[in-house]
Every structure is written in C-alpha cells, then in structure tokens.
$ cat model-v4.txt   # compact mmCIF, C-alpha atoms
# COMPACT_ATOMS: atom_id res chain seq x y z
CA MET A 1 -25.21 19.92 -33.17
CA SER A 2 -25.96 21.80 -29.93
CA CYS A 3 -23.66 19.45 -27.99
CA GLN A 4 -20.85 20.34 -30.39
CA LYS A 5 -21.49 24.02 -29.71
CA TYR A 6 -21.38 23.58 -25.93
CA SER A 7 -18.38 21.26 -25.81
CA GLY A 8 -16.10 24.24 -26.44
CA TRP A 9 -17.60 26.02 -23.41
CA LEU A 10 -17.09 23.18 -20.98
CA THR A 11 -13.46 23.92 -20.16
CA ASP A 12 -14.19 27.60 -19.67
CA ALA A 13 -17.12 26.77 -17.45
CA ALA A 14 -15.10 24.27 -15.43
CA LEU A 15 -12.41 26.89 -14.88
CA GLY A 16 -14.97 29.56 -14.02
CA GLU A 17 -14.01 31.60 -17.04
CA LEU A 18 -17.13 31.26 -19.12
CA ARG A 19 -18.70 34.54 -20.15
CA ALA A 20 -21.60 35.45 -17.89
CA GLU A 21 -24.21 35.49 -20.66
CA ARG A 22 -23.25 32.00 -21.81
CA GLU A 23 -23.32 30.28 -18.45
CA PRO A 24 -27.14 30.05 -18.05
CA GLU A 25 -27.41 28.75 -21.60
CA LEU A 26 -24.87 26.04 -20.97
CA LEU A 27 -26.42 25.06 -17.66
CA ALA A 28 -29.85 24.89 -19.26
CA HIS A 29 -28.47 22.60 -21.92
CA ALA A 30 -26.68 20.48 -19.34
CA THR A 31 -29.91 19.84 -17.46
CA GLU A 32 -31.41 18.35 -20.62
CA CYS A 33 -28.32 16.61 -22.04
CA ASP A 34 -26.87 13.80 -19.96
CA ALA A 35 -23.63 13.64 -21.97
CA CYS A 36 -22.87 17.35 -21.59
CA ARG A 37 -23.83 17.30 -17.92
CA GLU A 38 -21.49 14.40 -17.39
CA ALA A 39 -18.71 16.09 -19.38
CA LEU A 40 -19.07 19.35 -17.42
CA SER A 41 -19.04 17.49 -14.17
CA GLN A 42 -15.95 15.55 -15.24
CA ALA A 43 -14.13 18.72 -16.35
CA ARG A 44 -14.87 20.42 -13.04
CA ALA A 45 -13.60 17.41 -11.13
CA GLU A 46 -10.43 17.30 -13.21
CA TYR A 47 -9.55 20.94 -12.64
CA GLU A 48 -10.42 20.72 -8.98
CA PHE A 49 -8.11 17.76 -8.80
CA VAL A 50 -5.33 19.77 -10.39
CA ASP A 51 -5.92 22.71 -8.05
CA ARG A 52 -5.90 20.44 -5.03
CA GLY A 53 -2.63 18.96 -6.20
CA VAL A 54 -0.95 22.36 -6.49
CA GLU A 55 -2.44 23.52 -3.19
CA ALA A 56 -1.02 20.44 -1.50
CA LEU A 57 2.32 21.24 -3.02
CA VAL A 58 2.52 24.77 -1.63
CA ALA A 59 0.93 24.01 1.73
CA GLY A 60 3.27 24.42 4.62
CA GLU A 61 4.68 26.83 7.12
CA PRO A 62 8.18 28.11 7.59
CA SER A 63 9.90 26.81 10.68
CA PRO A 64 9.27 28.59 14.01
CA HIS A 65 12.87 29.80 13.95
CA PHE A 66 12.41 31.62 10.69
CA ALA A 67 12.16 35.12 12.17
CA THR A 68 14.97 34.45 14.65
CA ASN A 69 17.27 33.20 11.93
CA LEU A 70 16.42 36.14 9.73
CA ARG A 71 17.16 38.61 12.52
CA ARG A 72 20.47 36.88 13.11
CA ARG A 73 21.36 37.14 9.42
CA ILE A 74 20.43 40.81 9.41
CA ALA A 75 22.55 41.41 12.50
CA GLN A 76 25.51 39.56 10.96
CA GLU A 77 25.25 41.53 7.77
CA THR A 78 24.98 44.82 9.61
CA GLU A 79 27.94 43.91 11.79
CA SER A 80 30.08 43.06 8.83
CA LEU A 81 29.12 46.32 7.14
CA ARG A 82 30.00 48.29 10.24
CA SER A 83 33.43 46.74 10.65
CA PRO A 84 36.06 49.31 9.60
CA TRP A 85 37.96 46.68 7.68
CA MET A 86 34.90 45.76 5.68
CA ALA A 87 34.71 49.29 4.29
CA TRP A 88 38.13 48.68 2.77
CA ALA A 89 37.29 45.19 1.61
CA PRO A 90 36.28 46.10 -1.95
CA ILE A 91 39.37 48.28 -2.37
CA ILE A 92 41.65 45.60 -0.98
CA ALA A 93 40.03 42.97 -3.14
CA GLY A 94 40.44 45.18 -6.21
CA ALA A 95 44.08 45.87 -5.40
CA LEU A 96 44.79 42.17 -4.90
CA ALA A 97 43.11 41.34 -8.18
CA LEU A 98 45.15 44.00 -9.97
CA ALA A 99 48.37 42.72 -8.38
CA ALA A 100 47.53 39.19 -9.45
CA VAL A 101 46.92 40.30 -13.03
CA LEU A 102 50.21 42.23 -13.08
CA ALA A 103 52.11 39.28 -11.65
CA ILE A 104 50.65 36.94 -14.24
CA THR A 105 51.47 39.38 -17.06
CA ILE A 106 55.07 39.80 -15.89
CA ALA A 107 55.53 36.08 -15.42
CA HIS A 108 54.09 35.44 -18.85
CA ARG A 109 56.50 37.89 -20.48
CA HIS A 110 59.41 36.50 -18.50
CA PHE A 111 58.72 32.95 -19.63
CA ARG A 112 58.28 34.04 -23.21
CA SER A 113 61.74 35.65 -23.24
CA GLU A 114 63.32 32.64 -21.51
CA PRO A 115 64.13 29.50 -23.54
CA ASN A 116 61.29 27.10 -23.12
CA PRO A 117 62.42 24.36 -20.77
CA SER A 118 59.65 22.08 -21.87
CA VAL A 119 60.93 22.24 -25.46
CA ALA A 120 64.44 21.56 -24.32
CA SER A 121 63.42 18.65 -22.21
CA SER A 122 61.27 17.27 -24.99
CA VAL A 123 64.21 17.44 -27.37
CA SER A 124 66.81 16.21 -24.94
CA PRO A 125 65.93 12.52 -24.78
CA VAL A 126 66.30 12.26 -28.53
CA SER A 127 69.19 14.60 -28.95
CA ALA A 128 71.59 13.66 -26.22
CA PRO A 129 73.76 10.63 -26.55
CA SER A 130 75.64 11.93 -23.54
CA GLU A 131 75.31 14.93 -21.31
CA ALA A 132 78.86 15.99 -21.82
CA ALA A 133 78.56 15.94 -25.58
CA THR A 134 75.35 17.92 -25.50
CA ALA A 135 76.73 20.45 -23.12
CA SER A 136 79.79 20.97 -25.23
CA LEU A 137 77.68 21.30 -28.37
CA ALA A 138 75.37 23.80 -26.77
CA SER A 139 77.86 25.85 -24.85
CA PRO A 140 79.22 28.21 -27.53
CA GLN A 141 75.78 29.20 -28.74
CA LEU A 142 74.48 29.40 -25.24
CA ALA A 143 77.31 31.55 -24.04
CA GLN A 144 76.95 33.88 -27.01
CA ARG A 145 73.25 34.26 -26.47
CA LYS A 146 73.42 34.71 -22.76
CA GLU A 147 76.28 37.16 -22.74
CA GLY A 148 74.60 39.22 -25.39
CA LYS A 149 71.25 39.43 -23.72
CA HIS A 150 71.18 38.67 -20.08
CA GLY A 151 74.66 39.06 -18.75
CA ALA A 152 76.89 36.93 -16.65
CA GLU A 153 74.41 35.99 -14.00
CA ARG A 154 71.99 34.32 -16.29
CA THR A 155 74.79 32.62 -18.14
CA THR A 156 75.90 31.07 -14.89
CA GLN A 157 72.37 29.93 -14.16
CA ALA A 158 72.00 28.51 -17.63
CA ARG A 159 75.32 26.69 -17.38
CA SER A 160 74.38 25.15 -14.07
CA ARG A 161 71.10 24.10 -15.66
CA THR A 162 73.00 22.68 -18.61
CA THR A 163 75.01 20.48 -16.33
CA ALA A 164 71.88 19.40 -14.50
CA LEU A 165 69.74 18.64 -17.53
CA PRO A 166 70.60 17.70 -21.07
CA GLU A 167 69.57 20.75 -23.03
CA ILE A 168 69.89 22.17 -26.48
CA ILE A 169 69.26 25.83 -26.87
CA VAL A 170 69.11 27.16 -30.35
CA PRO A 171 68.41 30.58 -31.81
CA LYS A 172 64.82 31.22 -32.70
CA GLY A 173 63.81 29.50 -35.91
CA GLN A 174 66.50 26.86 -35.75
CA LEU A 175 64.79 24.52 -33.37
CA SER A 176 63.84 22.09 -36.09
CA ALA A 177 67.41 22.06 -37.37
CA ALA A 178 68.68 21.25 -33.91
CA ALA A 179 66.09 18.51 -33.55
CA GLN A 180 67.06 17.03 -36.89
CA LEU A 181 70.71 17.06 -35.90
CA SER A 182 69.90 15.38 -32.62
CA ALA A 183 67.84 12.74 -34.36
CA ALA A 184 70.62 12.15 -36.84
CA ILE A 185 73.14 11.64 -34.03
CA VAL A 186 70.86 9.23 -32.22
CA THR A 187 70.06 7.19 -35.30
CA GLY A 188 73.72 7.06 -36.22
CA ARG A 189 73.49 8.88 -39.52
CA VAL A 190 75.89 11.42 -38.12
CA ASP A 191 78.79 10.35 -35.96
CA GLY A 192 78.48 12.29 -32.75
CA ASN A 193 82.04 11.51 -31.68
CA GLN A 194 83.32 12.81 -34.95
CA LEU A 195 81.36 16.00 -34.52
CA LEU A 196 82.62 16.29 -31.02
CA ALA A 197 86.19 15.79 -32.14
CA ALA A 198 85.74 18.42 -34.85
CA GLN A 199 84.32 20.78 -32.32
CA GLN A 200 87.20 20.18 -29.95
CA GLU A 201 89.63 20.61 -32.81
CA SER A 202 88.10 23.96 -33.71
CA GLU A 203 88.37 25.08 -30.13
CA LYS A 204 92.13 24.37 -29.89
CA PRO A 205 94.35 27.48 -29.81
CA LEU A 206 96.23 28.19 -32.98
CA GLU A 207 99.84 27.05 -33.00
CA MET A 208 102.27 29.67 -34.13
CA LYS A 209 104.99 27.89 -36.10
CA PRO A 210 108.12 29.88 -36.89
CA ILE A 211 108.54 30.42 -40.61
CA GLU A 212 111.86 29.53 -42.06
CA ILE A 213 113.19 32.33 -44.19
CA LEU A 214 115.94 31.30 -46.51
CA PRO A 215 118.69 33.82 -47.28
CA MET A 216 118.17 35.62 -50.57
CA GLU A 217 120.27 34.56 -53.49
CA ILE A 218 122.11 37.50 -54.90
CA PRO A 219 122.72 37.08 -58.60
CA VAL A 220 126.18 37.64 -59.98
CA ILE A 221 126.44 40.89 -61.93
CA ASP A 222 128.31 40.83 -65.18
CA ASP A 223 130.62 43.74 -64.99
CA ALA A 224 130.70 44.24 -68.80
CA THR A 225 127.01 44.63 -69.44
CA GLU A 226 126.03 45.56 -65.88
CA LYS A 227 123.04 43.24 -66.11
CA PRO A 228 122.30 40.17 -64.20
CA ALA A 229 123.06 36.99 -66.06
CA ASN A 230 119.55 35.66 -65.94
CA SER A 231 117.78 38.98 -66.62
CA ILE A 232 115.11 39.21 -69.26
CA GLU A 233 115.24 41.71 -71.97
CA PHE A 234 112.11 43.48 -73.11
CA MET B 1 13.30 45.32 17.73
CA ASP B 2 15.79 47.87 19.05
CA ALA B 3 18.55 45.84 17.56
CA LEU B 4 16.71 45.78 14.27
CA ALA B 5 16.10 49.50 14.42
CA ALA B 6 19.76 50.13 15.05
CA SER B 7 20.76 47.88 12.20
CA PHE B 8 18.99 49.64 9.36
CA PRO B 9 21.53 50.66 6.78
CA GLY B 10 22.23 54.26 5.92
CA SER B 11 22.91 57.12 8.30
CA ALA B 12 19.46 58.68 7.80
CA LEU B 13 17.73 55.42 8.63
CA SER B 14 20.03 54.05 11.28
CA ARG B 15 17.75 55.09 14.14
CA ASP B 16 14.47 55.00 12.33
CA GLU B 17 12.34 53.06 14.72
CA SER B 18 9.19 53.46 12.69
CA LEU B 19 10.90 51.78 9.76
CA ALA B 20 12.01 48.96 12.01
CA ARG B 21 8.51 48.61 13.38
CA GLU B 22 7.11 48.37 9.91
CA PHE B 23 9.64 45.73 8.95
CA GLU B 24 8.74 43.78 12.07
CA GLN B 25 5.14 43.82 10.92
CA ARG B 26 6.17 42.44 7.53
CA LEU B 27 8.23 39.85 9.31
CA ALA B 28 5.09 38.70 11.07
CA ASP B 29 2.96 38.07 7.99
CA CYS B 30 5.14 37.88 4.88
CA PRO B 31 7.63 35.05 5.41
CA LYS B 32 4.83 32.50 4.98
CA LEU B 33 3.98 33.95 1.59
CA ALA B 34 7.62 33.96 0.44
CA TYR B 35 8.11 30.46 1.80
CA ARG B 36 5.11 29.06 -0.05
CA VAL B 37 6.07 30.68 -3.31
CA ALA B 38 9.55 29.20 -2.97
CA LEU B 39 8.07 25.84 -2.02
CA GLY B 40 5.96 25.87 -5.17
CA VAL B 41 9.15 26.06 -7.19
CA MET B 42 11.66 24.14 -5.08
CA HIS B 43 9.43 21.38 -3.62
CA ASN B 44 11.83 21.14 -0.72
CA THR B 45 11.08 22.66 2.67
CA ALA B 46 14.66 23.40 3.74
CA GLU B 47 15.59 25.01 0.46
CA ALA B 48 12.30 26.91 0.30
CA GLU B 49 13.00 28.33 3.74
CA ASP B 50 16.47 29.35 2.72
CA VAL B 51 15.14 31.10 -0.36
CA ALA B 52 12.44 32.82 1.70
CA GLN B 53 15.11 34.02 4.14
CA GLU B 54 17.21 35.36 1.31
CA ALA B 55 14.20 37.15 -0.20
CA MET B 56 13.34 38.70 3.18
CA LEU B 57 16.94 39.76 3.68
CA ARG B 58 16.94 41.50 0.32
CA ALA B 59 13.61 43.06 1.15
CA TYR B 60 15.13 44.36 4.36
CA ARG B 61 18.00 45.94 2.44
CA SER B 62 15.56 47.75 0.16
CA PHE B 63 12.89 48.33 2.74
CA HIS B 64 13.14 52.11 2.61
CA ARG B 65 11.82 51.83 -0.97
CA LEU B 66 9.21 49.16 -0.16
CA ARG B 67 7.30 50.58 2.74
CA ASP B 68 3.93 50.25 1.08
CA ARG B 69 2.49 46.95 2.24
CA GLU B 70 1.07 45.75 -1.08
CA ARG B 71 4.15 46.81 -2.94
CA PHE B 72 6.28 44.99 -0.41
CA ARG B 73 4.32 41.76 -0.76
CA GLY B 74 4.41 41.84 -4.53
CA TRP B 75 8.10 42.57 -4.57
CA LEU B 76 8.75 39.80 -2.07
CA VAL B 77 6.73 37.26 -4.08
CA ARG B 78 8.54 38.05 -7.29
CA MET B 79 11.92 38.03 -5.57
CA ALA B 80 11.25 34.69 -3.88
CA PHE B 81 10.06 33.21 -7.15
CA ARG B 82 13.10 34.46 -9.05
CA LEU B 83 15.54 33.30 -6.38
CA ALA B 84 13.91 29.88 -6.31
CA LEU B 85 14.14 29.58 -10.09
CA ASP B 86 17.80 30.59 -9.97
CA ARG B 87 18.52 27.94 -7.36
CA ILE B 88 16.76 25.30 -9.41
CA ARG B 89 18.72 26.24 -12.51
CA ALA B 90 21.95 26.18 -10.54
CA LYS B 91 21.17 22.73 -9.22
CA GLY B 92 20.65 21.41 -12.71
CA ARG B 93 18.51 18.50 -13.64
CA ARG B 94 19.47 16.16 -10.83
CA GLU B 95 16.11 16.19 -9.08
CA ARG B 96 14.12 15.94 -12.29
CA HIS B 97 15.60 12.53 -12.77
CA GLU B 98 14.20 11.55 -9.41
CA TYR B 99 10.73 12.57 -10.56
CA ASP B 100 11.16 10.63 -13.77
CA ALA B 101 11.70 7.53 -11.73
CA THR B 102 8.38 7.98 -9.98
CA LEU B 103 6.39 8.30 -13.17
CA ALA B 104 6.58 4.60 -13.83
CA THR B 105 5.26 3.91 -10.35
CA LEU B 106 2.24 6.11 -10.88
CA SER B 107 1.43 4.74 -14.30
CA ALA B 108 1.55 1.27 -12.87
CA GLN B 109 -1.29 1.98 -10.42
CA PRO B 110 -4.12 3.56 -12.43
CA GLU B 111 -6.74 2.07 -10.15
CA ALA B 112 -5.59 4.03 -7.11
CA SER B 113 -8.32 6.12 -5.51
CA VAL B 114 -8.25 9.91 -5.75
CA GLU B 115 -7.97 10.38 -2.02
CA ASN B 116 -5.04 8.06 -1.85
CA LEU B 117 -3.42 9.70 -4.81
CA VAL B 118 -3.77 13.20 -3.41
CA ALA B 119 -2.45 12.08 -0.09
CA SER B 120 0.46 10.21 -1.57
CA ARG B 121 3.94 11.53 -1.91
CA GLU B 122 4.06 10.14 -5.39
CA PHE B 123 1.14 12.31 -6.42
CA GLU B 124 2.89 15.39 -5.10
CA ARG B 125 5.92 14.55 -7.12
CA GLN B 126 3.83 14.07 -10.21
CA VAL B 127 2.16 17.45 -9.75
CA ALA B 128 5.52 19.05 -9.00
CA GLN B 129 6.90 17.72 -12.22
CA ALA B 130 3.92 18.99 -14.20
CA LEU B 131 4.26 22.37 -12.51
CA ASP B 132 7.96 22.52 -13.30
CA ALA B 133 7.17 21.91 -16.93
CA LEU B 134 5.06 25.07 -17.10
CA PRO B 135 6.63 28.29 -18.36
CA ALA B 136 7.64 30.59 -15.48
CA LYS B 137 4.97 33.17 -16.28
CA LEU B 138 2.24 30.54 -15.99
CA ARG B 139 3.82 28.88 -13.01
CA ILE B 140 3.89 31.96 -10.81
CA VAL B 141 0.18 32.68 -11.27
CA MET B 142 -0.67 29.05 -10.68
CA VAL B 143 1.36 28.92 -7.48
CA LEU B 144 -0.08 32.20 -6.22
CA ALA B 145 -3.63 31.10 -6.98
CA ALA B 146 -3.03 27.93 -5.02
CA ILE B 147 -1.72 29.80 -1.97
CA GLU B 148 -4.58 30.42 0.44
CA GLY B 149 -6.99 30.53 -2.48
CA TYR B 150 -6.02 34.00 -3.66
CA ASN B 151 -8.50 35.33 -6.18
CA THR B 152 -7.57 36.74 -9.56
CA ARG B 153 -7.29 40.31 -8.31
CA GLU B 154 -5.01 39.35 -5.44
CA VAL B 155 -2.85 37.29 -7.74
CA ALA B 156 -2.70 40.23 -10.16
CA ASN B 157 -1.56 42.53 -7.35
CA LEU B 158 1.09 40.15 -6.16
CA ALA B 159 2.39 39.26 -9.60
CA GLY B 160 2.28 42.86 -10.79
CA LEU B 161 0.12 41.93 -13.78
CA PRO B 162 -3.22 43.12 -15.17
CA GLU B 163 -6.15 41.07 -13.99
CA GLY B 164 -7.04 39.96 -17.52
CA THR B 165 -3.53 38.64 -18.06
CA VAL B 166 -3.72 36.70 -14.83
CA LYS B 167 -7.03 35.16 -15.86
CA SER B 168 -5.78 33.99 -19.22
CA ARG B 169 -2.56 32.67 -17.73
CA LEU B 170 -4.39 30.81 -15.00
CA PHE B 171 -6.67 29.29 -17.58
CA LEU B 172 -3.73 28.17 -19.70
CA ALA B 173 -1.79 26.88 -16.71
CA ARG B 174 -4.69 24.73 -15.49
CA LYS B 175 -5.27 23.33 -18.93
CA LYS B 176 -1.64 22.42 -19.35
CA LEU B 177 -1.48 20.89 -15.90
CA ALA B 178 -4.58 18.83 -16.58
CA GLU B 179 -3.01 17.62 -19.82
CA SER B 180 0.21 16.73 -18.05
CA LEU B 181 -1.63 14.88 -15.33
CA GLN B 182 -4.03 13.24 -17.73
CA CYS B 183 -3.21 9.72 -16.63
CA LEU B 184 -4.32 10.68 -13.12
CA VAL B 185 -7.24 13.02 -13.73
CA LYS B 186 -9.00 10.61 -16.06
CA ASN B 187 -9.53 8.37 -13.07
CA THR B 188 -11.18 11.06 -10.99
CA PRO B 189 -14.86 10.47 -10.31
CA ALA B 190 -17.10 13.19 -11.67
CA GLY B 191 -19.18 15.25 -9.24
$ encode --input "model-v4.txt" --output "structure tokens"
Amino acid sequence: MSCQKYSGWLTDAALGELRAEREPELLAHATECDACREALSQARAEYEFVDRGVEALVAGEPSPHFATNLRRRIAQETESLRSPWMAWAPIIAGALALAAVLAITIAHRHFRSEPNPSVASSVSPVSAPSEAATASLASPQLAQRKEGKHGAERTTQARSRTTALPEIIVPKGQLSAAAQLSAAIVTGRVDGNQLLAAQQESEKPLEMKPIEILPMEIPVIDDATEKPANSIEF
Amino acid sequence: MDALAASFPGSALSRDESLAREFEQRLADCPKLAYRVALGVMHNTAEAEDVAQEAMLRAYRSFHRLRDRERFRGWLVRMAFRLALDRIRAKGRRERHEYDATLATLSAQPEASVENLVASREFERQVAQALDALPAKLRIVMVLAAIEGYNTREVANLAGLPEGTVKSRLFLARKKLAESLQCLVKNTPAG
C-alpha cells in the first residue's frame, strides 16, 4: 500500500520537483523498501541520461570567425543602406512591379479582343482541305470584321496571317457552327469544291444584259364607234 | 569598434560609441548562447552558426531598444530559437528521414553500454529526434536548461516565462523525452 503511494512521487523526486515536505518521507521509505529505492535510483539515472543526451546535443562553440563574419555582415548591410541608390530601391521596385502589372493587364485585354490564335489553329487541321479554300471562305467575314473594328492595318496583318496559317475566324458565338462546317467538309458530307464554286459565283459582278423592248402595238380605232376593236365594255 | 560605431543605423545613433561598445560586449558573450540554442533545434553546426549570425544581426538592428543585458539575452534566445524553427520548417522533412533510418540501428543494439551510447553519433541523433518531437514551448525550456546547466530562474528569464511555468514545462519535457528514449534508458544502470 505504502509503495503504491510513493510510486507516484518517484518521477517528481527524480526530476527534483517533489514538494519539500514529501521528500524526507519518500527517502525514509526508500531506505526501508528495496523496490522503491531501486525504482528511485533507476528514475534518477534515466532522467540524468536524458539530460546528458540533450547537453551533448547543444554542446559546442561557434567558430572563431563568428565575430569577424558578423562584423562583416553588419558592415555590408550598413554600406548597402548608405548607398544613395539603395534609398530609391523600394520605390524603384514598387514602380517596376506596378509597370509589370499594368503591362500584364494591357496584354491580357489585347489578347481577349484579338481572335484567339490557339482556337484557330486547333480548328484549322480539321477545317481546311486546302489553304486557298479556307482563305477564300474566311476572307469576306474577316474583312468585314477587321474593317469595322480595327482598320486597314490590322486587316493587312490578318490577311498576311491568313496566307501563312490556315485560319477560320468567325463572329463570337458561331465558332461551333464553323467547326461543324469544317468537319462536314473534311468528312465529305459537304462538298467543299461546290461551296467554293458557289462562293466564287456569288462574288462575280452582275452582268447587265440589255432588255429588248418590243414596239407597242397600236390598236386600230373604229371610226364609227370610236372604240378600239378589242375593248371591253363595262 | 570604430567601424561598428560608425555603422549604427539612424542619425541620432550613428556616432554613438557607447552603444557600439555595449554591442561589442554582447558580441563577446552572447553568440555562444544563440549558437547553442540554434544547435539544439538544427543539430547542424554550420546552420546553427548561420542562424546565430542572423539573430545577432537582427539584435544589432534593434540594439537601441535592447540595451539592457538580460533583456538582450532573452530576446536573442527567443529570436535564435524562432529563426531555427523557421529554417527547419523551410527545409521540410528531409532530415527526419535520415533519423528514421538510424532508429533501426539503435534498436538492433540494446546491449550497448551507456557510455558508448552517449558518446555515439547514433545516440545524438536519437536524442535529437526525440527533442524534435517535443512541442516548441517544451523544447525551448529543455534546450535552455541543458545549456551550461541553467537553473529554472535563469531559464525563466531567458524564455520570458514565469518560473512556475518553466518548472512544469521542464518536468513535462523530461518525461516525454524519457518516454521517447525508452528503448535506451531502460538499459541504463541505476545509481
């Protein structure tokens, strides 16, 4: 029973944290009880072992150059702070960051307003039986769009791109229709040559044919009745 | 020292030789403390020295607020400890895997004598791993108590904690360490 009571004090005693009034009582018991004496001794050895382990871990000295290196670092830091350019460094860094953000924003907007080349190129392998056909299919829409929005310069750029890469540019929302048409041409469901011919036909200038006007027939007037012979009476 | 005096930041302090002299005094006795605290966390001499340098550099920057010697030491200890923890976190778990590999080695030699164990590199690694497993608040008091045998009051001053808190944390830390190192401490001869 008494051993049970003292077993809870052993750890505290081993760690030197046992209350002062309890320590003599425990030690008195330990002198009489071999098991408790052994347990106390073991606990003390264990914690001493742990302490020695941690002490060994933190034992050591900084290198002899520690102070020299530190002074050098302090000098470097002070020097950099004293440099006139360094006073402007945060401002310059902030301005550069702002410029970068602005550039990214402008570029982002620019690419959003431009037709997406990646979409065009992804459509082109499916949609283009020949570059010429594609270019001729795309050109009226392209020209209309470009002239309306971006002017002649961009139209020229777009045309040169059209000749360089097979491209279909469609108004917003009709991309799927264009893709379907391209797929249909490739699979043969729609005759591309026929479409091309129809397109070329529609682009031909209108022929002005002279209209033949026949001379009017003047009916013979009956002198007696003063009515035409074939006139209808109401 | 003149160079150091001239290098103190701030116009009011730029020529303050007494401040520089005081910092030189700290430079004579404090780096060892910062280094050992960092070593207790990093377990690597080069990295511990780097952390101690960084802590001293930061102390230098704030030295006009840390002129009191005890305050300076406590601040430096906590800064070194925090910097070391940050470095360890940044490094990730790479080194822990190294320790894991040594566990098997230790378990395989339970008959090794205490003296050999304490002296061995493997033992250090085992203790380091057990120490790393402690919560930071227990670890710092354990490390400080192990440095030059600081007593509870000194540890309390350095850690900026009440003495009672330090006592209870030290008690808990030792118990946890003993549990972690159970396979080793069970073989220690009593008395």
$ interface_residues --input "model-v4.txt" --of "chain A" --to "chain B" --cutoff "10 Å" --atoms "all atoms listed in the file" --output "number ranges by chain"
A: 11-12, 15-17, 38-63, 66-67, 69-79, 81-82
$ atom_distance --input "model-v4.txt" --atom1 "CA of Arg22 (chain A)" --atom2 "CA of Gly8 (chain A)"
11.5 Å
$ atom_distance --input "model-v4.txt" --atom1 "CA of Arg65 (chain B)" --atom2 "CA of Leu19 (chain B)"
10.8 Å
$ atom_distance --input "model-v4.txt" --atom1 "CA of Arg26 (chain B)" --atom2 "CA of Arg69 (chain B)"
7.9 Å
$ residues_around --input "model-v4.txt" --residues "Ala159 (chain B)" --least-positions-apart "4" --cutoff "10 Å" --atoms "all atoms listed in the file" --output "VMD selection string"
chain B and resid 73 to 78 137 140 to 141 144 153 to 155 163 166
$ axis_aligned_box --input "model-v4.txt" --around "region 189-192 of chain A" --padding-each-side "3 Å" --output "AutoDock Vina command-line options"
--center_x 76.1 --center_y 10.6 --center_z -36.1 --size_x 11.3 --size_y 9.4 --size_z 12.8
$ closest_residue --input "model-v4.txt" --among "B:Ile88, B:Met79, B:Glu22, B:Thr152" --to "Gly164 (chain B)" --atoms "only C-alpha atoms"
B:Thr152
